[in-house]
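> Please find one structure pasted underneath; my questions will follow.
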Amino acid sequence: MSIGIPEIILILVVVLLIFGGKRIPELARSLGRAKHEYQKAKDAIEKEAKDLEKTIDAAASKADASENAANAPADKPEDK
């Protein structure tokens, strides 16, 4: 079920009647700004999540390297 052209026209007429011709550009501008701010916040959160994931991966790699070094057999001098 999708919205057809008659439904879109009806919605536009109702919006025009409710808000008037002068306020519609203001509303459109406000919606555009809100969308832009939402997108900026979303991108910032995604970037922060990627940075956090990289930090976690680096810490895990370092912990694995430390664990491998601790479990490696120490060089013992050979008895002659």
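In the structure tokens, each chain is lettered A, B, ... as it comes, each chain's residues begin at 1, and ligands are numbered from 1 in order of appearance.
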Once DSSP has gone over the backbone, tell me which residues of chain A are in helix (DSSP H, G or I), as a PyMOL selection string.
chain A and resi 5-19+23-71
> Using atom CA of Ala70 of chain A and atom CA of Ala58 of chain A as the two end points, give the distance in Å to one decimal.
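Computing the Euclidean distance for atom CA of Ala70 of chain A and atom CA of Ala58 of chain A yields 18.4 Å.
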